[in-house]
Number of protein chains: 2
Amino acid sequence: MSEIIVVKVGGGAGVDVDSVCADLAVLAHTGKRLVLVHGTSAAVDRLSERVGVPRRTLQSPSGHVSRYTDPETLELYVMAANGQVNTTLTAKLQALGVNALGLSGVDGRLMAAQRKDAVRVIDPSNGRQRIVRDDFTGKIERINAELLQLLLANGYLPVIAPLAISQACEPLNVDGDRAAAMIATALRAETLVILTNVPGLLARFPDESSLVRHVPRAHLERALELAGGRMKKKILAAQEALEGGVQRILLADSRRPQPLQTALAGEGTAITHD
Amino acid sequence: MSEIIVVKVGGGAGVDVDSVCADLAVLAHTGKRLVLVHGTSAAVDRLSERVGVPRRTLQSPSGHVSRYTDPETLELYVMAANGQVNTTLTAKLQALGVNALGLSGVDGRLMAAQRKDAVRVIDPSNGRQRIVRDDFTGKIERINAELLQLLLANGYLPVIAPLAISQACEPLNVDGDRAAAMIATALRAETLVILTNVPGLLARFPDESSLVRHVPRAHLERALELAGGRMKKKILAAQEALEGGVQRILLADSRRPQPLQTALAGEGTAITHD
């Protein structure tokens with residue numbers, strides 16, 4: 001069987017999805033088996049703004065900040081993630097001759113997650129801790145790898161929205177990087193490529209000349225110390241994938257031409273076992 | 001192989017999707033192979049209202065009225081159809097123990113359609129004809145039956161949004177009843193059930209006691225004369241399915257308990273070859 005590559009493309013405003021799709025098409029036509037996992041943040045923000053629902057965040061006691069996905073925001077998140085972004089990417093790939101097929105984690109229970117039904121947060125108005133009970137985010141626990149294998153074996157390129165299904169069968173907002181890591185692990189993928197808005201892990205953020213080219217497993221703790229905010233989550237996702245048996249994780253820049261091919265050729269940060 | 005039943009459930013405001021899903025679960029657990037095709041009109045209207053995009057219609061010279069799906073409306077249509085309604089139905093079925101998997105016609109080119117790139121319409125302001133060139137609706141020409149068969153053979157219940165892919169790979173608004181008829185034909189389904197907000201074809205609309213219980217193929221032209229507005233489209237879809245080899249088409253009421261089981265047991269209007 002041919003190599004499996006899982007590609008995560010961020011949902012931020014600056015991401016050049018056309019270049020990513022063009023590269024996926026080149027690789028698909030060489031016979032590689034590919035899975036695309038996408039983010040959705042800019043699309044949710046835009047829809048929220050249009051309907052007048054303000055974006056709210058939750059801050060954990062450890063300082064981690066995430067989107068507050070209350071029922072109203074969840075509805076918008078589902079529309080933006082599984083409606084708009086997923087359909088647009090799937091259609092773009094189809095236009096390039098790739099037999100793309102869009103899914104979310106709800107479909108065939110592709111991504112089953114545990115909902116965090118009581119989240120401890122810091123109230124920004126007074127700095128005190130309180131419990132939030134209507135946040136619909138989750139932590140993925142199980143991937144339906146058989147479904148992805150069935151589609152890959154039949155020539156489809158799965159395009160996956162960052163939406164999981166809870167034990168009560170509610171849709172849940174899940175982190176796209178960790179979703180991609182779980183999928184790469186479940187498929188025993190050789191490579192996970194995480195495309196984002198920076199060239200990779202930077203030793204001195206935001207100095208792009210300080211790119212760290214290689215992080216062996218033994219140096220992952222050090223890399224986590226270097227990484228700020230969102231890069232920290234990507235390094236954690238890479239760590240999960242590495243521990244799950246993925247051979248290499250590439251963190252690379254989605255803003256340049258041929259972002260995927262150059263990442264596979266050695267641009268960006270490679271995280272490997274040794 | 002077990003019987004294949006294609007079920008179309010309308011997207012109107014009064015449709016009781018919970019009862020339809022409960023019935024689908026009962027049938028799925030008896031081993032029937034089922035496909036659900038859904039409408040989306042109320043969800044698109046609601047989202048359009050929330051973002052302040054007025055619903056507009058196009059009237060053909062023959063009097064047929066349809067949603068004007070300009071690029072802005074198409075974006076909302078995709079979000080509502082493939083995001084909200086499709087994900088909600090899929091999650092509801094999963095909660096009932098059915099391995100549902102949501103798709104639109106864009107996914108794997110499940111429904112390839114011809115876009116009507118120049119639509120002749122009546123301008124309501126002056127009654128004159130004019131040409132509209134930015135309407136994204138289409139007529140389905142080809143169903144990827146292999147994809148549906150692959151999913152059915154592996155225990156999935158496909159849930160299909162009324163969205164096709166054009167030759168230029170744009171998403172297109174397509175009529176859900178005709179989509180269901182095309183799918184039933186492509187799968188050589190025994191039965192197509194079209195659930196709507198009336199008990200079936202009424203000889204004297206809206207008198208529900210005037211239900212026509214049976215329409216043999218030879219009487220279809222007469223049925224088309226009896227049918228008003230949206231029922232006419234359903235009869236046309238039924239005709240297409242019948243001509244495509246589907247054995248029976250059932251038009252039945254989605255507003256009653258066990259709408260699907262009672263339809264299969266003989267409530268509503270049955271359209272058959274003889």
# chains A, B, ... in the order shown; residues from 1 in each chain; ligands from 1
>>> calpha_fit_and_write(fixed="chain A", moving="chain B", output="PDB file with C-alpha atoms, in the first residue's frame")
ATOM      1  CA  MET B   1       0.007   0.018   0.006  1.00  0.00           C
ATOM      2  CA  SER B   2       1.119   3.575  -0.668  1.00  0.00           C
ATOM      3  CA  GLU B   3       2.210   6.007   2.007  1.00  0.00           C
ATOM      4  CA  ILE B   4      -0.487   7.757   4.066  1.00  0.00           C
ATOM      5  CA  ILE B   5      -0.037  11.477   4.729  1.00  0.00           C
ATOM      6  CA  VAL B   6      -2.397  13.387   7.023  1.00  0.00           C
ATOM      7  CA  VAL B   7      -2.420  17.132   6.394  1.00  0.00           C
ATOM      8  CA  LYS B   8      -3.835  19.687   8.805  1.00  0.00           C
ATOM      9  CA  VAL B   9      -4.528  23.129   7.395  1.00  0.00           C
ATOM     10  CA  GLY B  10      -5.374  25.912   9.798  1.00  0.00           C
ATOM     11  CA  GLY B  11      -8.618  27.849   9.723  1.00  0.00           C
ATOM     12  CA  GLY B  12      -7.012  31.224  10.338  1.00  0.00           C
ATOM     13  CA  ALA B  13      -7.483  34.248   8.131  1.00  0.00           C
ATOM     14  CA  GLY B  14      -4.095  34.161   6.375  1.00  0.00           C
ATOM     15  CA  VAL B  15      -4.070  30.545   5.262  1.00  0.00           C
ATOM     16  CA  ASP B  16      -3.771  30.067   1.484  1.00  0.00           C
ATOM     17  CA  VAL B  17      -6.092  27.094   1.010  1.00  0.00           C
ATOM     18  CA  ASP B  18      -5.811  27.280  -2.782  1.00  0.00           C
ATOM     19  CA  SER B  19      -2.076  26.518  -2.638  1.00  0.00           C
ATOM     20  CA  VAL B  20      -2.662  23.714  -0.161  1.00  0.00           C
ATOM     21  CA  CYS B  21      -5.358  22.184  -2.382  1.00  0.00           C
ATOM     22  CA  ALA B  22      -3.147  22.498  -5.477  1.00  0.00           C
ATOM     23  CA  ASP B  23      -0.365  20.654  -3.659  1.00  0.00           C
ATOM     24  CA  LEU B  24      -2.745  17.981  -2.394  1.00  0.00           C
ATOM     25  CA  ALA B  25      -3.831  17.422  -6.001  1.00  0.00           C
ATOM     26  CA  VAL B  26      -0.204  16.968  -7.145  1.00  0.00           C
ATOM     27  CA  LEU B  27       0.411  14.417  -4.397  1.00  0.00           C
ATOM     28  CA  ALA B  28      -2.917  12.676  -4.927  1.00  0.00           C
ATOM     29  CA  HIS B  29      -2.061  12.189  -8.596  1.00  0.00           C
ATOM     30  CA  THR B  30       1.171  10.416  -7.634  1.00  0.00           C
ATOM     31  CA  GLY B  31      -0.958   7.843  -5.804  1.00  0.00           C
ATOM     32  CA  LYS B  32      -0.346   8.975  -2.226  1.00  0.00           C
ATOM     33  CA  ARG B  33      -3.189   8.293   0.196  1.00  0.00           C
ATOM     34  CA  LEU B  34      -4.098  11.629   1.754  1.00  0.00           C
ATOM     35  CA  VAL B  35      -6.411  12.886   4.484  1.00  0.00           C
ATOM     36  CA  LEU B  36      -7.081  16.603   4.977  1.00  0.00           C
ATOM     37  CA  VAL B  37      -8.136  17.955   8.369  1.00  0.00           C
ATOM     38  CA  HIS B  38      -9.094  21.617   8.457  1.00  0.00           C
ATOM     39  CA  GLY B  39      -9.628  24.372  10.986  1.00  0.00           C
ATOM     40  CA  THR B  40     -12.526  26.774  10.963  1.00  0.00           C
ATOM     41  CA  SER B  41     -11.799  29.696  13.286  1.00  0.00           C
ATOM     42  CA  ALA B  42     -11.991  32.591  10.794  1.00  0.00           C
ATOM     43  CA  ALA B  43     -15.216  31.253   9.259  1.00  0.00           C
ATOM     44  CA  VAL B  44     -16.896  30.904  12.669  1.00  0.00           C
ATOM     45  CA  ASP B  45     -15.780  34.393  13.644  1.00  0.00           C
ATOM     46  CA  ARG B  46     -17.167  35.827  10.415  1.00  0.00           C
ATOM     47  CA  LEU B  47     -20.535  34.065  10.760  1.00  0.00           C
ATOM     48  CA  SER B  48     -20.771  35.030  14.444  1.00  0.00           C
ATOM     49  CA  GLU B  49     -20.201  38.633  13.503  1.00  0.00           C
ATOM     50  CA  ARG B  50     -22.829  38.498  10.756  1.00  0.00           C
ATOM     51  CA  VAL B  51     -25.519  37.170  13.112  1.00  0.00           C
ATOM     52  CA  GLY B  52     -24.420  39.434  15.960  1.00  0.00           C
ATOM     53  CA  VAL B  53     -23.245  36.753  18.375  1.00  0.00           C
ATOM     54  CA  PRO B  54     -20.065  38.025  20.032  1.00  0.00           C
ATOM     55  CA  ARG B  55     -17.032  35.752  20.146  1.00  0.00           C
ATOM     56  CA  ARG B  56     -16.399  34.767  23.747  1.00  0.00           C
ATOM     57  CA  THR B  57     -13.496  32.859  25.193  1.00  0.00           C
ATOM     58  CA  LEU B  58     -12.886  30.759  28.265  1.00  0.00           C
ATOM     59  CA  GLN B  59      -9.642  30.975  30.182  1.00  0.00           C
ATOM     60  CA  SER B  60      -8.550  27.966  32.190  1.00  0.00           C
ATOM     61  CA  PRO B  61      -6.796  28.374  35.547  1.00  0.00           C
ATOM     62  CA  SER B  62      -3.554  27.340  33.764  1.00  0.00           C
ATOM     63  CA  GLY B  63      -3.974  30.220  31.292  1.00  0.00           C
ATOM     64  CA  HIS B  64      -5.204  28.263  28.271  1.00  0.00           C
ATOM     65  CA  VAL B  65      -7.735  30.285  26.230  1.00  0.00           C
ATOM     66  CA  SER B  66     -10.383  28.618  24.049  1.00  0.00           C
ATOM     67  CA  ARG B  67     -13.576  29.521  22.216  1.00  0.00           C
ATOM     68  CA  TYR B  68     -16.623  29.469  24.487  1.00  0.00           C
ATOM     69  CA  THR B  69     -18.888  27.160  22.509  1.00  0.00           C
ATOM     70  CA  ASP B  70     -22.281  27.626  24.120  1.00  0.00           C
ATOM     71  CA  PRO B  71     -25.332  26.151  22.312  1.00  0.00           C
ATOM     72  CA  GLU B  72     -25.807  29.238  20.160  1.00  0.00           C
ATOM     73  CA  THR B  73     -22.133  29.334  19.160  1.00  0.00           C
ATOM     74  CA  LEU B  74     -22.158  25.563  18.572  1.00  0.00           C
ATOM     75  CA  GLU B  75     -24.914  25.984  15.985  1.00  0.00           C
ATOM     76  CA  LEU B  76     -22.809  28.578  14.147  1.00  0.00           C
ATOM     77  CA  TYR B  77     -19.672  26.470  14.548  1.00  0.00           C
ATOM     78  CA  VAL B  78     -21.412  23.494  12.900  1.00  0.00           C
ATOM     79  CA  MET B  79     -22.641  25.646  10.015  1.00  0.00           C
ATOM     80  CA  ALA B  80     -19.240  27.237   9.418  1.00  0.00           C
ATOM     81  CA  ALA B  81     -17.120  24.115   9.943  1.00  0.00           C
ATOM     82  CA  ASN B  82     -19.165  21.362   8.356  1.00  0.00           C
ATOM     83  CA  GLY B  83     -21.166  23.555   6.003  1.00  0.00           C
ATOM     84  CA  GLN B  84     -19.038  26.338   4.637  1.00  0.00           C
ATOM     85  CA  VAL B  85     -15.359  25.437   5.079  1.00  0.00           C
ATOM     86  CA  ASN B  86     -15.698  21.698   4.540  1.00  0.00           C
ATOM     87  CA  THR B  87     -17.874  22.040   1.431  1.00  0.00           C
ATOM     88  CA  THR B  88     -15.637  24.755  -0.033  1.00  0.00           C
ATOM     89  CA  LEU B  89     -12.464  22.694   0.422  1.00  0.00           C
ATOM     90  CA  THR B  90     -14.135  19.573  -0.951  1.00  0.00           C
ATOM     91  CA  ALA B  91     -15.393  21.458  -4.015  1.00  0.00           C
ATOM     92  CA  LYS B  92     -11.952  23.051  -4.589  1.00  0.00           C
ATOM     93  CA  LEU B  93     -10.295  19.637  -4.542  1.00  0.00           C
ATOM     94  CA  GLN B  94     -12.941  18.197  -6.850  1.00  0.00           C
ATOM     95  CA  ALA B  95     -12.200  21.066  -9.259  1.00  0.00           C
ATOM     96  CA  LEU B  96      -8.566  19.896  -9.265  1.00  0.00           C
ATOM     97  CA  GLY B  97      -9.569  16.362 -10.189  1.00  0.00           C
ATOM     98  CA  VAL B  98      -9.265  14.936  -6.667  1.00  0.00           C
ATOM     99  CA  ASN B  99     -12.117  12.740  -5.460  1.00  0.00           C
ATOM    100  CA  ALA B 100     -12.548  14.565  -2.158  1.00  0.00           C
ATOM    101  CA  LEU B 101     -15.302  13.639   0.289  1.00  0.00           C
ATOM    102  CA  GLY B 102     -16.160  15.845   3.252  1.00  0.00           C
ATOM    103  CA  LEU B 103     -16.954  14.467   6.686  1.00  0.00           C
ATOM    104  CA  SER B 104     -17.214  15.651  10.238  1.00  0.00           C
ATOM    105  CA  GLY B 105     -16.624  13.559  13.321  1.00  0.00           C
ATOM    106  CA  VAL B 106     -20.395  13.086  13.624  1.00  0.00           C
ATOM    107  CA  ASP B 107     -20.507  11.092  10.367  1.00  0.00           C
ATOM    108  CA  GLY B 108     -20.225   7.404  11.143  1.00  0.00           C
ATOM    109  CA  ARG B 109     -18.897   8.468  14.569  1.00  0.00           C
ATOM    110  CA  LEU B 110     -15.643   9.287  12.831  1.00  0.00           C
ATOM    111  CA  MET B 111     -14.419  11.154  15.914  1.00  0.00           C
ATOM    112  CA  ALA B 112     -15.999  10.224  19.242  1.00  0.00           C
ATOM    113  CA  ALA B 113     -15.189  12.638  22.046  1.00  0.00           C
ATOM    114  CA  GLN B 114     -15.786  13.153  25.718  1.00  0.00           C
ATOM    115  CA  ARG B 115     -17.613  16.389  26.375  1.00  0.00           C
ATOM    116  CA  LYS B 116     -16.193  18.482  29.184  1.00  0.00           C
ATOM    117  CA  ASP B 117     -19.543  19.088  30.882  1.00  0.00           C
ATOM    118  CA  ALA B 118     -18.110  21.115  33.745  1.00  0.00           C
ATOM    119  CA  VAL B 119     -15.231  23.403  32.809  1.00  0.00           C
ATOM    120  CA  ARG B 120     -13.349  25.331  35.482  1.00  0.00           C
ATOM    121  CA  VAL B 121     -12.567  28.831  34.228  1.00  0.00           C
ATOM    122  CA  ILE B 122     -11.282  32.152  35.461  1.00  0.00           C
ATOM    123  CA  ASP B 123     -13.951  34.844  35.491  1.00  0.00           C
ATOM    124  CA  PRO B 124     -12.232  37.838  33.832  1.00  0.00           C
ATOM    125  CA  SER B 125     -14.433  40.318  35.715  1.00  0.00           C
ATOM    126  CA  ASN B 126     -13.120  39.358  39.157  1.00  0.00           C
ATOM    127  CA  GLY B 127     -10.319  36.828  38.622  1.00  0.00           C
ATOM    128  CA  ARG B 128     -12.225  34.143  40.540  1.00  0.00           C
ATOM    129  CA  GLN B 129     -12.751  30.573  39.427  1.00  0.00           C
ATOM    130  CA  ARG B 130     -16.190  29.427  38.358  1.00  0.00           C
ATOM    131  CA  ILE B 131     -17.708  26.408  36.581  1.00  0.00           C
ATOM    132  CA  VAL B 132     -19.147  26.633  33.051  1.00  0.00           C
ATOM    133  CA  ARG B 133     -21.651  23.872  32.188  1.00  0.00           C
ATOM    134  CA  ASP B 134     -22.859  24.808  28.708  1.00  0.00           C
ATOM    135  CA  ASP B 135     -19.605  24.600  26.771  1.00  0.00           C
ATOM    136  CA  PHE B 136     -19.706  22.128  23.880  1.00  0.00           C
ATOM    137  CA  THR B 137     -16.069  21.286  23.408  1.00  0.00           C
ATOM    138  CA  GLY B 138     -14.540  17.884  23.787  1.00  0.00           C
ATOM    139  CA  LYS B 139     -11.496  15.690  23.798  1.00  0.00           C
ATOM    140  CA  ILE B 140     -11.387  13.049  21.086  1.00  0.00           C
ATOM    141  CA  GLU B 141     -11.166   9.522  22.425  1.00  0.00           C
ATOM    142  CA  ARG B 142     -11.727   7.284  19.431  1.00  0.00           C
ATOM    143  CA  ILE B 143     -11.335   7.514  15.653  1.00  0.00           C
ATOM    144  CA  ASN B 144     -13.346   5.317  13.266  1.00  0.00           C
ATOM    145  CA  ALA B 145     -10.255   4.332  11.288  1.00  0.00           C
ATOM    146  CA  GLU B 146     -12.198   1.661   9.371  1.00  0.00           C
ATOM    147  CA  LEU B 147     -14.332   4.364   7.740  1.00  0.00           C
ATOM    148  CA  LEU B 148     -11.260   6.310   6.609  1.00  0.00           C
ATOM    149  CA  GLN B 149      -9.573   3.152   5.368  1.00  0.00           C
ATOM    150  CA  LEU B 150     -12.710   2.212   3.433  1.00  0.00           C
ATOM    151  CA  LEU B 151     -12.744   5.607   1.732  1.00  0.00           C
ATOM    152  CA  LEU B 152      -8.982   5.653   1.052  1.00  0.00           C
ATOM    153  CA  ALA B 153      -9.095   2.136  -0.401  1.00  0.00           C
ATOM    154  CA  ASN B 154     -11.820   3.294  -2.779  1.00  0.00           C
ATOM    155  CA  GLY B 155      -9.953   6.342  -4.028  1.00  0.00           C
ATOM    156  CA  TYR B 156     -11.532   9.084  -1.912  1.00  0.00           C
ATOM    157  CA  LEU B 157      -9.632  11.851  -0.143  1.00  0.00           C
ATOM    158  CA  PRO B 158     -11.406  12.468   3.190  1.00  0.00           C
ATOM    159  CA  VAL B 159     -11.741  16.146   4.135  1.00  0.00           C
ATOM    160  CA  ILE B 160     -12.477  16.366   7.843  1.00  0.00           C
ATOM    161  CA  ALA B 161     -14.095  19.192   9.819  1.00  0.00           C
ATOM    162  CA  PRO B 162     -13.033  19.729  13.472  1.00  0.00           C
ATOM    163  CA  LEU B 163     -16.301  18.485  14.919  1.00  0.00           C
ATOM    164  CA  ALA B 164     -16.676  15.363  17.037  1.00  0.00           C
ATOM    165  CA  ILE B 165     -19.658  13.498  18.471  1.00  0.00           C
ATOM    166  CA  SER B 166     -20.200  13.238  22.231  1.00  0.00           C
ATOM    167  CA  GLN B 167     -21.433  10.201  24.113  1.00  0.00           C
ATOM    168  CA  ALA B 168     -24.866  11.864  24.119  1.00  0.00           C
ATOM    169  CA  CYS B 169     -24.464  12.353  20.346  1.00  0.00           C
ATOM    170  CA  GLU B 170     -24.106  16.126  20.482  1.00  0.00           C
ATOM    171  CA  PRO B 171     -21.710  17.738  17.994  1.00  0.00           C
ATOM    172  CA  LEU B 172     -18.635  19.089  19.774  1.00  0.00           C
ATOM    173  CA  ASN B 173     -16.004  21.673  18.909  1.00  0.00           C
ATOM    174  CA  VAL B 174     -12.629  19.912  18.971  1.00  0.00           C
ATOM    175  CA  ASP B 175      -9.101  21.102  18.392  1.00  0.00           C
ATOM    176  CA  GLY B 176      -8.106  20.515  14.772  1.00  0.00           C
ATOM    177  CA  ASP B 177      -4.419  19.836  15.468  1.00  0.00           C
ATOM    178  CA  ARG B 178      -5.195  17.132  17.987  1.00  0.00           C
ATOM    179  CA  ALA B 179      -7.870  15.715  15.690  1.00  0.00           C
ATOM    180  CA  ALA B 180      -5.242  15.439  12.947  1.00  0.00           C
ATOM    181  CA  ALA B 181      -2.797  13.788  15.372  1.00  0.00           C
ATOM    182  CA  MET B 182      -5.420  11.248  16.458  1.00  0.00           C
ATOM    183  CA  ILE B 183      -6.322  10.490  12.841  1.00  0.00           C
ATOM    184  CA  ALA B 184      -2.674  10.087  11.822  1.00  0.00           C
ATOM    185  CA  THR B 185      -2.186   7.706  14.732  1.00  0.00           C
ATOM    186  CA  ALA B 186      -5.324   5.690  13.999  1.00  0.00           C
ATOM    187  CA  LEU B 187      -4.332   5.312  10.336  1.00  0.00           C
ATOM    188  CA  ARG B 188      -0.697   4.512  11.197  1.00  0.00           C
ATOM    189  CA  ALA B 189       0.241   7.354   8.851  1.00  0.00           C
ATOM    190  CA  GLU B 190       3.894   7.807   8.003  1.00  0.00           C
ATOM    191  CA  THR B 191       3.660  11.606   8.027  1.00  0.00           C
ATOM    192  CA  LEU B 192       1.533  14.304   9.640  1.00  0.00           C
ATOM    193  CA  VAL B 193       1.934  17.792   8.168  1.00  0.00           C
ATOM    194  CA  ILE B 194       0.566  20.700  10.217  1.00  0.00           C
ATOM    195  CA  LEU B 195       0.381  23.828   8.067  1.00  0.00           C
ATOM    196  CA  THR B 196       0.064  27.117   9.862  1.00  0.00           C
ATOM    197  CA  ASN B 197       0.834  30.843   9.603  1.00  0.00           C
ATOM    198  CA  VAL B 198       4.474  30.652  10.702  1.00  0.00           C
ATOM    199  CA  PRO B 199       7.459  28.832   9.171  1.00  0.00           C
ATOM    200  CA  GLY B 200       7.531  26.298  12.009  1.00  0.00           C
ATOM    201  CA  LEU B 201       8.777  26.342  15.584  1.00  0.00           C
ATOM    202  CA  LEU B 202      10.718  29.548  16.202  1.00  0.00           C
ATOM    203  CA  ALA B 203      13.406  29.674  18.900  1.00  0.00           C
ATOM    204  CA  ARG B 204      12.840  33.428  19.253  1.00  0.00           C
ATOM    205  CA  PHE B 205       9.231  34.101  18.201  1.00  0.00           C
ATOM    206  CA  PRO B 206       8.431  36.060  15.984  1.00  0.00           C
ATOM    207  CA  ASP B 207      11.953  36.072  14.467  1.00  0.00           C
ATOM    208  CA  GLU B 208      11.487  33.801  11.444  1.00  0.00           C
ATOM    209  CA  SER B 209      15.255  33.382  11.040  1.00  0.00           C
ATOM    210  CA  SER B 210      15.224  31.465  14.336  1.00  0.00           C
ATOM    211  CA  LEU B 211      13.427  28.466  12.801  1.00  0.00           C
ATOM    212  CA  VAL B 212      14.154  25.188  14.569  1.00  0.00           C
ATOM    213  CA  ARG B 213      14.636  22.669  11.741  1.00  0.00           C
ATOM    214  CA  HIS B 214      14.578  19.464  13.708  1.00  0.00           C
ATOM    215  CA  VAL B 215      13.207  18.350  17.045  1.00  0.00           C
ATOM    216  CA  PRO B 216      14.044  14.774  18.018  1.00  0.00           C
ATOM    217  CA  ARG B 217      11.720  13.177  20.542  1.00  0.00           C
ATOM    218  CA  ALA B 218      14.227  13.661  23.356  1.00  0.00           C
ATOM    219  CA  HIS B 219      14.068  17.444  22.857  1.00  0.00           C
ATOM    220  CA  LEU B 220      10.264  17.764  22.847  1.00  0.00           C
ATOM    221  CA  GLU B 221      10.061  19.156  26.377  1.00  0.00           C
ATOM    222  CA  ARG B 222      12.535  21.868  25.382  1.00  0.00           C
ATOM    223  CA  ALA B 223      10.451  22.618  22.265  1.00  0.00           C
ATOM    224  CA  LEU B 224       7.338  22.984  24.426  1.00  0.00           C
ATOM    225  CA  GLU B 225       9.166  25.612  26.478  1.00  0.00           C
ATOM    226  CA  LEU B 226      10.148  27.553  23.324  1.00  0.00           C
ATOM    227  CA  ALA B 227       6.646  27.427  21.861  1.00  0.00           C
ATOM    228  CA  GLY B 228       4.136  30.159  22.612  1.00  0.00           C
ATOM    229  CA  GLY B 229       0.323  30.017  22.611  1.00  0.00           C
ATOM    230  CA  ARG B 230      -1.018  28.169  19.588  1.00  0.00           C
ATOM    231  CA  MET B 231       2.353  26.641  18.661  1.00  0.00           C
ATOM    232  CA  LYS B 232       2.369  24.902  22.031  1.00  0.00           C
ATOM    233  CA  LYS B 233      -0.830  23.073  21.069  1.00  0.00           C
ATOM    234  CA  LYS B 234       0.746  22.031  17.792  1.00  0.00           C
ATOM    235  CA  ILE B 235       3.820  20.661  19.559  1.00  0.00           C
ATOM    236  CA  LEU B 236       1.546  18.777  21.959  1.00  0.00           C
ATOM    237  CA  ALA B 237      -0.375  17.359  18.998  1.00  0.00           C
ATOM    238  CA  ALA B 238       2.932  16.389  17.383  1.00  0.00           C
ATOM    239  CA  GLN B 239       3.981  14.680  20.600  1.00  0.00           C
ATOM    240  CA  GLU B 240       0.739  12.682  20.683  1.00  0.00           C
ATOM    241  CA  ALA B 241       1.211  11.633  17.071  1.00  0.00           C
ATOM    242  CA  LEU B 242       4.838  10.637  17.664  1.00  0.00           C
ATOM    243  CA  GLU B 243       3.853   8.591  20.701  1.00  0.00           C
ATOM    244  CA  GLY B 244       1.071   7.076  18.601  1.00  0.00           C
ATOM    245  CA  GLY B 245       3.606   5.758  16.085  1.00  0.00           C
ATOM    246  CA  VAL B 246       3.614   8.437  13.369  1.00  0.00           C
ATOM    247  CA  GLN B 247       7.151   8.577  11.953  1.00  0.00           C
ATOM    248  CA  ARG B 248       7.477  12.307  11.387  1.00  0.00           C
ATOM    249  CA  ILE B 249       5.448  15.424  12.054  1.00  0.00           C
ATOM    250  CA  LEU B 250       6.190  18.472   9.942  1.00  0.00           C
ATOM    251  CA  LEU B 251       5.210  21.955  11.125  1.00  0.00           C
ATOM    252  CA  ALA B 252       5.338  24.256   8.122  1.00  0.00           C
ATOM    253  CA  ASP B 253       4.176  27.494   6.572  1.00  0.00           C
ATOM    254  CA  SER B 254       0.918  27.576   4.633  1.00  0.00           C
ATOM    255  CA  ARG B 255       1.539  31.095   3.284  1.00  0.00           C
ATOM    256  CA  ARG B 256       4.134  30.178   0.659  1.00  0.00           C
ATOM    257  CA  PRO B 257       3.735  28.581  -2.798  1.00  0.00           C
ATOM    258  CA  GLN B 258       3.666  24.770  -2.759  1.00  0.00           C
ATOM    259  CA  PRO B 259       3.375  24.699   1.031  1.00  0.00           C
ATOM    260  CA  LEU B 260       2.865  20.969   1.254  1.00  0.00           C
ATOM    261  CA  GLN B 261       5.523  19.891  -1.226  1.00  0.00           C
ATOM    262  CA  THR B 262       8.140  22.164   0.327  1.00  0.00           C
ATOM    263  CA  ALA B 263       7.211  20.906   3.800  1.00  0.00           C
ATOM    264  CA  LEU B 264       7.706  17.324   2.643  1.00  0.00           C
ATOM    265  CA  ALA B 265      11.010  18.351   1.038  1.00  0.00           C
ATOM    266  CA  GLY B 266      12.369  19.657   4.323  1.00  0.00           C
ATOM    267  CA  GLU B 267      11.167  23.213   4.937  1.00  0.00           C
ATOM    268  CA  GLY B 268       9.754  23.919   8.381  1.00  0.00           C
ATOM    269  CA  THR B 269      10.240  21.986  11.591  1.00  0.00           C
ATOM    270  CA  ALA B 270      10.520  18.195  11.510  1.00  0.00           C
ATOM    271  CA  ILE B 271       9.663  16.296  14.677  1.00  0.00           C
ATOM    272  CA  THR B 272      10.877  12.724  14.599  1.00  0.00           C
ATOM    273  CA  HIS B 273      11.687   9.818  16.904  1.00  0.00           C
ATOM    274  CA  ASP B 274      15.418  10.410  16.723  1.00  0.00           C
TER     275      ASP B 274
END
>>> select_by_dssp(residues="segment 101-251 of chain B", states="alpha helix (DSSP H)", output="VMD selection string")
chain B and resid 145 to 153 176 to 186 220 to 226 229 to 243
